[in-house]
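Shown next: data-v2.pdb, given as PDB, C-alpha atoms and all ligand atoms.
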ATOM      1  CA  MET O  39       0.000   0.000   0.000  1.00  0.00           C
ATOM      2  CA  SER O  40       1.242   3.473  -0.748  1.00  0.00           C
ATOM      3  CA  GLY O  41       0.089   7.031  -0.321  1.00  0.00           C
ATOM      4  CA  LYS O  42      -2.545   7.748   2.262  1.00  0.00           C
ATOM      5  CA  GLY O  43      -2.686   4.555   4.287  1.00  0.00           C
ATOM      6  CA  ILE O  44      -6.192   3.549   5.353  1.00  0.00           C
ATOM      7  CA  ARG O  45      -9.126   5.936   5.620  1.00  0.00           C
ATOM      8  CA  ILE O  46     -12.566   4.862   6.802  1.00  0.00           C
ATOM      9  CA  GLU O  47     -15.407   7.374   6.700  1.00  0.00           C
ATOM     10  CA  GLY O  48     -18.898   6.909   8.092  1.00  0.00           C
ATOM     11  CA  LEU O  49     -18.738   3.123   8.389  1.00  0.00           C
ATOM     12  CA  ARG O  50     -22.061   1.625   9.352  1.00  0.00           C
ATOM     13  CA  LYS O  51     -22.933  -2.049   9.637  1.00  0.00           C
ATOM     14  CA  ARG O  52     -26.366  -3.393  10.429  1.00  0.00           C
ATOM     15  CA  TYR O  53     -26.741  -7.157  10.845  1.00  0.00           C
ATOM     16  CA  ARG O  54     -30.241  -8.383  10.120  1.00  0.00           C
ATOM     17  CA  GLU O  55     -31.660 -11.629  11.440  1.00  0.00           C
ATOM     18  CA  GLY O  56     -35.309 -12.114  10.665  1.00  0.00           C
ATOM     19  CA  ASP O  57     -37.218  -9.305  12.322  1.00  0.00           C
ATOM     20  CA  THR O  58     -34.296  -8.135  14.425  1.00  0.00           C
ATOM     21  CA  ALA O  59     -31.437  -5.853  13.489  1.00  0.00           C
ATOM     22  CA  VAL O  60     -28.165  -5.105  15.280  1.00  0.00           C
ATOM     23  CA  ASP O  61     -26.365  -1.857  14.542  1.00  0.00           C
ATOM     24  CA  ALA O  62     -22.820  -3.071  15.122  1.00  0.00           C
ATOM     25  CA  LEU O  63     -21.147   0.069  13.714  1.00  0.00           C
ATOM     26  CA  LYS O  64     -22.871   3.421  13.721  1.00  0.00           C
ATOM     27  CA  GLY O  65     -20.679   5.724  11.676  1.00  0.00           C
ATOM     28  CA  VAL O  66     -17.018   5.005  12.373  1.00  0.00           C
ATOM     29  CA  ASP O  67     -14.306   7.348  11.110  1.00  0.00           C
ATOM     30  CA  MET O  68     -10.731   6.134  11.275  1.00  0.00           C
ATOM     31  CA  GLN O  69      -7.448   6.905   9.616  1.00  0.00           C
ATOM     32  CA  VAL O  70      -4.231   4.902   9.724  1.00  0.00           C
ATOM     33  CA  ALA O  71      -1.080   6.410   8.235  1.00  0.00           C
ATOM     34  CA  PRO O  72       1.311   4.292   6.146  1.00  0.00           C
ATOM     35  CA  ASP O  73       3.581   2.265   8.479  1.00  0.00           C
ATOM     36  CA  GLU O  74       1.540   3.279  11.532  1.00  0.00           C
ATOM     37  CA  MET O  75       0.721   0.443  13.935  1.00  0.00           C
ATOM     38  CA  VAL O  76      -2.706   0.687  15.545  1.00  0.00           C
ATOM     39  CA  GLY O  77      -4.412  -1.459  18.163  1.00  0.00           C
ATOM     40  CA  LEU O  78      -8.184  -1.488  18.332  1.00  0.00           C
ATOM     41  CA  ILE O  79      -9.544  -2.100  21.825  1.00  0.00           C
ATOM     42  CA  GLY O  80     -13.070  -2.151  23.167  1.00  0.00           C
ATOM     43  CA  PRO O  81     -15.557  -4.310  25.051  1.00  0.00           C
ATOM     44  CA  SER O  82     -16.758  -7.579  23.599  1.00  0.00           C
ATOM     45  CA  GLY O  83     -19.475  -6.827  21.064  1.00  0.00           C
ATOM     46  CA  SER O  84     -18.350  -3.274  20.383  1.00  0.00           C
ATOM     47  CA  GLY O  85     -17.713  -4.024  16.721  1.00  0.00           C
ATOM     48  CA  LYS O  86     -13.939  -4.531  16.386  1.00  0.00           C
ATOM     49  CA  SER O  87     -14.196  -7.688  14.287  1.00  0.00           C
ATOM     50  CA  THR O  88     -17.024  -6.182  12.270  1.00  0.00           C
ATOM     51  CA  LEU O  89     -14.818  -3.210  11.376  1.00  0.00           C
ATOM     52  CA  PHE O  90     -11.953  -5.429  10.256  1.00  0.00           C
ATOM     53  CA  LYS O  91     -14.261  -7.721   8.293  1.00  0.00           C
ATOM     54  CA  CYS O  92     -15.722  -4.724   6.452  1.00  0.00           C
ATOM     55  CA  LEU O  93     -12.294  -3.271   5.713  1.00  0.00           C
ATOM     56  CA  GLY O  94     -11.078  -6.706   4.601  1.00  0.00           C
ATOM     57  CA  ALA O  95     -14.028  -7.260   2.256  1.00  0.00           C
ATOM     58  CA  VAL O  96     -15.141 -10.312   4.206  1.00  0.00           C
ATOM     59  CA  ILE O  97     -18.594  -8.779   4.718  1.00  0.00           C
ATOM     60  CA  ASP O  98     -20.377  -5.869   3.076  1.00  0.00           C
ATOM     61  CA  PRO O  99     -20.696  -2.597   4.993  1.00  0.00           C
ATOM     62  CA  THR O 100     -24.172  -1.106   5.207  1.00  0.00           C
ATOM     63  CA  ALA O 101     -22.694   2.286   4.331  1.00  0.00           C
ATOM     64  CA  SER O 102     -19.213   3.765   4.163  1.00  0.00           C
ATOM     65  CA  ARG O 103     -16.429   5.195   2.130  1.00  0.00           C
ATOM     66  CA  MET O 104     -13.117   3.345   2.512  1.00  0.00           C
ATOM     67  CA  THR O 105      -9.798   4.215   0.927  1.00  0.00           C
ATOM     68  CA  LEU O 106      -6.759   1.963   0.770  1.00  0.00           C
ATOM     69  CA  GLY O 107      -3.626   3.773  -0.348  1.00  0.00           C
ATOM     70  CA  ASN O 108      -4.717   5.995  -3.207  1.00  0.00           C
ATOM     71  CA  GLU O 109      -7.674   3.823  -4.168  1.00  0.00           C
ATOM     72  CA  VAL O 110     -11.281   4.190  -3.052  1.00  0.00           C
ATOM     73  CA  ILE O 111     -12.269   0.567  -2.449  1.00  0.00           C
ATOM     74  CA  TYR O 112     -15.804   1.192  -1.161  1.00  0.00           C
ATOM     75  CA  ASP O 113     -18.174   4.103  -1.628  1.00  0.00           C
ATOM     76  CA  ASP O 114     -21.657   2.841  -0.815  1.00  0.00           C
ATOM     77  CA  GLY O 115     -20.715  -0.210  -2.899  1.00  0.00           C
ATOM     78  CA  TRP O 116     -17.458  -2.001  -3.709  1.00  0.00           C
ATOM     79  CA  LYS O 117     -15.312  -0.112  -6.201  1.00  0.00           C
ATOM     80  CA  VAL O 118     -12.837  -2.973  -6.669  1.00  0.00           C
ATOM     81  CA  ARG O 119     -13.705  -5.423  -9.409  1.00  0.00           C
ATOM     82  CA  ASP O 120     -11.728  -8.370  -8.048  1.00  0.00           C
ATOM     83  CA  LEU O 121     -12.498  -8.632  -4.327  1.00  0.00           C
ATOM     84  CA  ARG O 122     -10.682 -11.973  -4.090  1.00  0.00           C
ATOM     85  CA  ALA O 123      -7.456 -10.295  -5.228  1.00  0.00           C
ATOM     86  CA  LEU O 124      -8.015  -7.500  -2.701  1.00  0.00           C
ATOM     87  CA  ARG O 125      -8.391 -10.041   0.114  1.00  0.00           C
ATOM     88  CA  ARG O 126      -5.472 -12.159  -1.092  1.00  0.00           C
ATOM     89  CA  ASP O 127      -2.939  -9.479  -2.024  1.00  0.00           C
ATOM     90  CA  ARG O 128      -3.629  -6.341  -0.033  1.00  0.00           C
ATOM     91  CA  ILE O 129      -5.170  -7.172   3.353  1.00  0.00           C
ATOM     92  CA  GLY O 130      -3.818  -9.764   5.757  1.00  0.00           C
ATOM     93  CA  PHE O 131      -5.763 -11.254   8.651  1.00  0.00           C
ATOM     94  CA  VAL O 132      -4.771 -13.259  11.664  1.00  0.00           C
ATOM     95  CA  PHE O 133      -8.201 -14.442  12.706  1.00  0.00           C
ATOM     96  CA  GLN O 134      -9.446 -14.494  16.291  1.00  0.00           C
ATOM     97  CA  ALA O 135     -10.095 -18.207  15.910  1.00  0.00           C
ATOM     98  CA  PRO O 136      -7.071 -19.963  14.388  1.00  0.00           C
ATOM     99  CA  TYR O 137      -7.708 -21.282  10.900  1.00  0.00           C
ATOM    100  CA  LEU O 138      -4.445 -23.069  10.248  1.00  0.00           C
ATOM    101  CA  ILE O 139      -4.623 -25.897   7.755  1.00  0.00           C
ATOM    102  CA  PRO O 140      -3.773 -28.948   9.854  1.00  0.00           C
ATOM    103  CA  PHE O 141      -2.046 -31.043   7.207  1.00  0.00           C
ATOM    104  CA  LEU O 142       0.357 -28.233   6.209  1.00  0.00           C
ATOM    105  CA  ASP O 143       3.434 -27.376   8.247  1.00  0.00           C
ATOM    106  CA  VAL O 144       3.990 -23.858   9.601  1.00  0.00           C
ATOM    107  CA  THR O 145       5.954 -22.679   6.567  1.00  0.00           C
ATOM    108  CA  ASP O 146       3.342 -23.874   4.094  1.00  0.00           C
ATOM    109  CA  ASN O 147       0.501 -22.363   6.126  1.00  0.00           C
ATOM    110  CA  VAL O 148       2.187 -18.968   5.726  1.00  0.00           C
ATOM    111  CA  ALA O 149       3.371 -19.585   2.168  1.00  0.00           C
ATOM    112  CA  LEU O 150      -0.100 -20.625   0.995  1.00  0.00           C
ATOM    113  CA  LEU O 151      -1.177 -17.096   0.041  1.00  0.00           C
ATOM    114  CA  PRO O 152       1.671 -16.348  -2.372  1.00  0.00           C
ATOM    115  CA  MET O 153       1.231 -19.898  -3.730  1.00  0.00           C
ATOM    116  CA  LEU O 154      -2.455 -19.152  -4.412  1.00  0.00           C
ATOM    117  CA  ALA O 155      -1.371 -15.910  -6.078  1.00  0.00           C
ATOM    118  CA  GLY O 156       0.703 -17.920  -8.538  1.00  0.00           C
ATOM    119  CA  VAL O 157       4.177 -17.661  -6.994  1.00  0.00           C
ATOM    120  CA  ALA O 158       6.112 -20.928  -7.334  1.00  0.00           C
ATOM    121  CA  ASN O 159       6.027 -23.124  -4.231  1.00  0.00           C
ATOM    122  CA  GLU O 160       9.755 -22.965  -3.493  1.00  0.00           C
ATOM    123  CA  GLU O 161       9.845 -19.210  -4.037  1.00  0.00           C
ATOM    124  CA  SER O 162       6.883 -18.782  -1.676  1.00  0.00           C
ATOM    125  CA  ARG O 163       8.614 -20.853   0.996  1.00  0.00           C
ATOM    126  CA  ALA O 164      11.818 -18.863   0.525  1.00  0.00           C
ATOM    127  CA  VAL O 165       9.929 -15.603   1.124  1.00  0.00           C
ATOM    128  CA  VAL O 166       8.529 -17.017   4.369  1.00  0.00           C
ATOM    129  CA  SER O 167      11.957 -18.133   5.529  1.00  0.00           C
ATOM    130  CA  SER O 168      13.621 -14.828   4.657  1.00  0.00           C
ATOM    131  CA  ASN O 169      10.938 -12.863   6.547  1.00  0.00           C
ATOM    132  CA  ALA O 170      11.194 -15.084   9.610  1.00  0.00           C
ATOM    133  CA  SER O 171      14.315 -13.325  10.806  1.00  0.00           C
ATOM    134  CA  PRO O 172      13.747 -13.098  14.580  1.00  0.00           C
ATOM    135  CA  SER O 173      15.421 -16.126  16.088  1.00  0.00           C
ATOM    136  CA  HIS O 174      12.322 -17.350  17.937  1.00  0.00           C
ATOM    137  CA  VAL O 175      10.349 -17.406  14.682  1.00  0.00           C
ATOM    138  CA  ASP O 176      13.118 -19.335  12.940  1.00  0.00           C
ATOM    139  CA  TRP O 177      13.043 -21.750  15.817  1.00  0.00           C
ATOM    140  CA  SER O 178       9.282 -22.174  15.556  1.00  0.00           C
ATOM    141  CA  ILE O 179       9.274 -22.753  11.821  1.00  0.00           C
ATOM    142  CA  ASP O 180      12.096 -25.249  12.062  1.00  0.00           C
ATOM    143  CA  ARG O 181      10.581 -27.307  14.832  1.00  0.00           C
ATOM    144  CA  LEU O 182       6.795 -27.162  14.622  1.00  0.00           C
TER     145      LEU O 182
HETATM  146  N1  LIG O 201     -23.125 -12.399  11.865  1.00  0.00           N
HETATM  147  C1  LIG O 201     -23.736 -11.645  12.789  1.00  0.00           C
HETATM  148  N2  LIG O 201     -25.096 -11.577  12.837  1.00  0.00           N
HETATM  149  C2  LIG O 201     -25.729 -10.795  13.742  1.00  0.00           C
HETATM  150  N3  LIG O 201     -25.097 -10.044  14.660  1.00  0.00           N
HETATM  151  C3  LIG O 201     -23.746 -10.089  14.666  1.00  0.00           C
HETATM  152  C4  LIG O 201     -22.999 -10.883  13.751  1.00  0.00           C
HETATM  153  N4  LIG O 201     -21.681 -10.723  13.991  1.00  0.00           N
HETATM  154  C5  LIG O 201     -21.601  -9.856  15.019  1.00  0.00           C
HETATM  155  N5  LIG O 201     -22.842  -9.486  15.427  1.00  0.00           N
HETATM  156  C6  LIG O 201     -23.154  -8.525  16.518  1.00  0.00           C
HETATM  157  O1  LIG O 201     -22.513  -7.288  16.186  1.00  0.00           O
HETATM  158  C7  LIG O 201     -21.965  -6.694  17.361  1.00  0.00           C
HETATM  159  C8  LIG O 201     -20.460  -6.507  17.170  1.00  0.00           C
HETATM  160  O2  LIG O 201     -19.833  -7.781  17.129  1.00  0.00           O
HETATM  161  P1  LIG O 201     -18.280  -7.962  16.855  1.00  0.00           P
HETATM  162  O3  LIG O 201     -18.039  -9.422  16.724  1.00  0.00           O
HETATM  163  O4  LIG O 201     -17.857  -7.108  15.738  1.00  0.00           O
HETATM  164  O5  LIG O 201     -17.649  -7.400  18.223  1.00  0.00           O
HETATM  165  P2  LIG O 201     -16.145  -7.500  18.781  1.00  0.00           P
HETATM  166  O6  LIG O 201     -15.813  -6.123  19.289  1.00  0.00           O
HETATM  167  O7  LIG O 201     -15.254  -8.083  17.742  1.00  0.00           O
HETATM  168  O8  LIG O 201     -16.310  -8.500  19.999  1.00  0.00           O
HETATM  169  P3  LIG O 201     -15.222  -9.509  20.655  1.00  0.00           P
HETATM  170  O9  LIG O 201     -14.292  -8.652  21.487  1.00  0.00           O
HETATM  171  O10 LIG O 201     -16.049 -10.428  21.502  1.00  0.00           O
HETATM  172  O11 LIG O 201     -14.508 -10.212  19.539  1.00  0.00           O
HETATM  173  C9  LIG O 201     -22.347  -7.603  18.528  1.00  0.00           C
HETATM  174  O12 LIG O 201     -23.564  -7.119  19.084  1.00  0.00           O
HETATM  175  C10 LIG O 201     -22.572  -8.953  17.854  1.00  0.00           C
HETATM  176  O13 LIG O 201     -23.496  -9.734  18.552  1.00  0.00           O
HETATM  177 MG    MG O 202     -13.985  -9.811  17.667  1.00  0.00          MG
END

So, in terms of structure tokens, how does the structure I just supplied come out?
Ligand SMILES: Nc1ncnc2c1ncn2[C@@H]1O[C@H](COP(=O)(O)OP(=O)(O)OP(=O)(O)O)[C@@H](O)[C@H]1O
Ligand SMILES: [Mg+2]
Amino acid sequence: MSGKGIRIEGLRKRYREGDTAVDALKGVDMQVAPDEMVGLIGPSGSGKSTLFKCLGAVIDPTASRMTLGNEVIYDDGWKVRDLRALRRDRIGFVFQAPYLIPFLDVTDNVALLPMLAGVANEESRAVVSSNASPSHVDWSIDRL
């Protein structure tokens, strides 16, 4: 991502279930600068996961304008044609519940995304290894 980082304007999300509706987000504004590290804290049910799922194109916002880098990705409708590529290439999630693939080792769990994006298997694994520079991560990948 380049340029302006992440900008969320007026994010609303209403979950509907039959006759009931839950307003999980009621107009959230948020800006994250490039390279800024932000932690989102709040009580259970306050909408943290909902915000990330909207930003990550996992669910549809009810209303919002969202900008990623220099690109408007949502403006009361998705503005990105290939949402799968957006999820795969531009937004990374570590989910609250772990969704590791049990028959893959640690390296291949991490390398799976570049593999799905068409990078050769060995090249994908090499990227994982070269990014795992802290010694405890090297240790984990070697031994798990
Ligand atoms: N799929 C859904 N259908 C209906 N309501 C939902 C759904 N997902 C979340 N909600 C409701 O939306 C609100 C926000 O939930 P959300 O999971 O985003 O909160 P959270 O801040 O991530 O909570 P936690 O800290 O427990 O993970 C809650 O009232 C929750 O019950
Ligand atoms: Mg959550």

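Among O:Ala71, O:Ile79, O:Ile97, O:Val60, the residue with the shortest atom-to-atom distance to ligand MG 202 (chain O), counting all atoms listed in the file, is O:Ile79.
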
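With a cut-off of 10 Å and using only C-alpha atoms and all ligand atoms, the polymer residues contacting ligand LIG 201 (chain O) are Lys51, Arg52, Tyr53, Arg54, Glu55, Thr58, Ala59, Val60, Asp61, Ala62, Leu63, Leu78, Ile79, Gly80, Pro81, Ser82, Gly83, Ser84, Gly85, Lys86, Ser87, Thr88, Leu89, Phe90, Lys91, Cys92, Ile97, Gln134 and Ala135 of chain O.
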
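Put simply, the PyMOL selection byres (((chain O and resi 123-126) around 10) and not hetatm) in this file takes in Leu93, Gly94, Ala95, Val96, Ile111, Val118, Arg119, Asp120, Leu121, Arg122, Asp127, Arg128, Ile129, Gly130, Phe131, Leu151, Pro152, Leu154 and Ala155 of chain O.
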
Would you export the selected residues with C-alpha atoms as an mmCIF file, in the coordinates of the input, please?
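Contents of out_16.cif, as written:
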data_model
loop_
_atom_site.group_PDB
_atom_site.id
_atom_site.type_symbol
_atom_site.label_atom_id
_atom_site.label_comp_id
_atom_site.auth_asym_id
_atom_site.auth_seq_id
_atom_site.Cartn_x
_atom_site.Cartn_y
_atom_site.Cartn_z
ATOM 1 C CA LEU O 93 -12.294 -3.271 5.713
ATOM 2 C CA GLY O 94 -11.078 -6.706 4.601
ATOM 3 C CA ALA O 95 -14.028 -7.260 2.256
ATOM 4 C CA VAL O 96 -15.141 -10.312 4.206
ATOM 5 C CA ILE O 111 -12.269 0.567 -2.449
ATOM 6 C CA VAL O 118 -12.837 -2.973 -6.669
ATOM 7 C CA ARG O 119 -13.705 -5.423 -9.409
ATOM 8 C CA ASP O 120 -11.728 -8.370 -8.048
ATOM 9 C CA LEU O 121 -12.498 -8.632 -4.327
ATOM 10 C CA ARG O 122 -10.682 -11.973 -4.090
ATOM 11 C CA ASP O 127 -2.939 -9.479 -2.024
ATOM 12 C CA ARG O 128 -3.629 -6.341 -0.033
ATOM 13 C CA ILE O 129 -5.170 -7.172 3.353
ATOM 14 C CA GLY O 130 -3.818 -9.764 5.757
ATOM 15 C CA PHE O 131 -5.763 -11.254 8.651
ATOM 16 C CA LEU O 151 -1.177 -17.096 0.041
ATOM 17 C CA PRO O 152 1.671 -16.348 -2.372
ATOM 18 C CA LEU O 154 -2.455 -19.152 -4.412
ATOM 19 C CA ALA O 155 -1.371 -15.910 -6.078
#

Given 8 Å on each side, where is the centre and what are the edge lengths in Å to one decimal of the axis-aligned box enclosing the listed atoms of region 44-60 of chain O, as JSON?
{"center_x": -21.7, "center_y": -2.4, "center_z": 10.3, "size_x": 47.0, "size_y": 35.5, "size_z": 25.9}

Within 6 Å of region 46-49 of chain O, which residues of region 69-128 of chain O come that close, and what is the closest atom pair and distance in Å for each? Count only C-alpha atoms and give it as JSON lines.
{"residue": "O:Ala101", "atom": "CA", "partner": "O:Leu49", "partner_atom": "CA", "distance": 5.7}
{"residue": "O:Ser102", "atom": "CA", "partner": "O:Leu49", "partner_atom": "CA", "distance": 4.3}
{"residue": "O:Arg103", "atom": "CA", "partner": "O:Glu47", "partner_atom": "CA", "distance": 5.2}
{"residue": "O:Met104", "atom": "CA", "partner": "O:Ile46", "partner_atom": "CA", "distance": 4.6}

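Rounded to one decimal, CA of Val70 (chain O) and CA of Asn169 (chain O) lie 23.6 Å from each other.
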
Name the closest residue to ligand MG 202 (chain O) among the candidates O:Met153, O:Val132, O:Val110, O:Met68; distances are taken between atoms, counting only C-alpha atoms and all ligand atoms.
O:Val132

Have a look at CA of Trp116 (chain O) and CA of Pro136 (chain O) and let me know their distance in Å, one decimal.
27.5 Å

Quick one: residues within 8 Å of Ser162 (chain O), only C-alpha atoms counted, chain neighbours fewer than 2 positions away excluded, as a list in words?
Ala149, Leu150, Pro152, Met153, Val157, Ala158, Asn159, Glu160, Ala164, Val165 and Val166 of chain O

Just C-alpha atoms for this one: save the residues we selected as a PDB file, in the frame of the given file.
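What landed in selection.pdb:
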ATOM      1  CA  ALA O 149       3.371 -19.585   2.168  1.00  0.00           C
ATOM      2  CA  LEU O 150      -0.100 -20.625   0.995  1.00  0.00           C
ATOM      3  CA  PRO O 152       1.671 -16.348  -2.372  1.00  0.00           C
ATOM      4  CA  MET O 153       1.231 -19.898  -3.730  1.00  0.00           C
ATOM      5  CA  VAL O 157       4.177 -17.661  -6.994  1.00  0.00           C
ATOM      6  CA  ALA O 158       6.112 -20.928  -7.334  1.00  0.00           C
ATOM      7  CA  ASN O 159       6.027 -23.124  -4.231  1.00  0.00           C
ATOM      8  CA  GLU O 160       9.755 -22.965  -3.493  1.00  0.00           C
ATOM      9  CA  ALA O 164      11.818 -18.863   0.525  1.00  0.00           C
ATOM     10  CA  VAL O 165       9.929 -15.603   1.124  1.00  0.00           C
ATOM     11  CA  VAL O 166       8.529 -17.017   4.369  1.00  0.00           C
TER      12      VAL O 166
END

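Going from CA of Asp113 (chain O) to CA of Asp73 (chain O) covers 24.1 Å.
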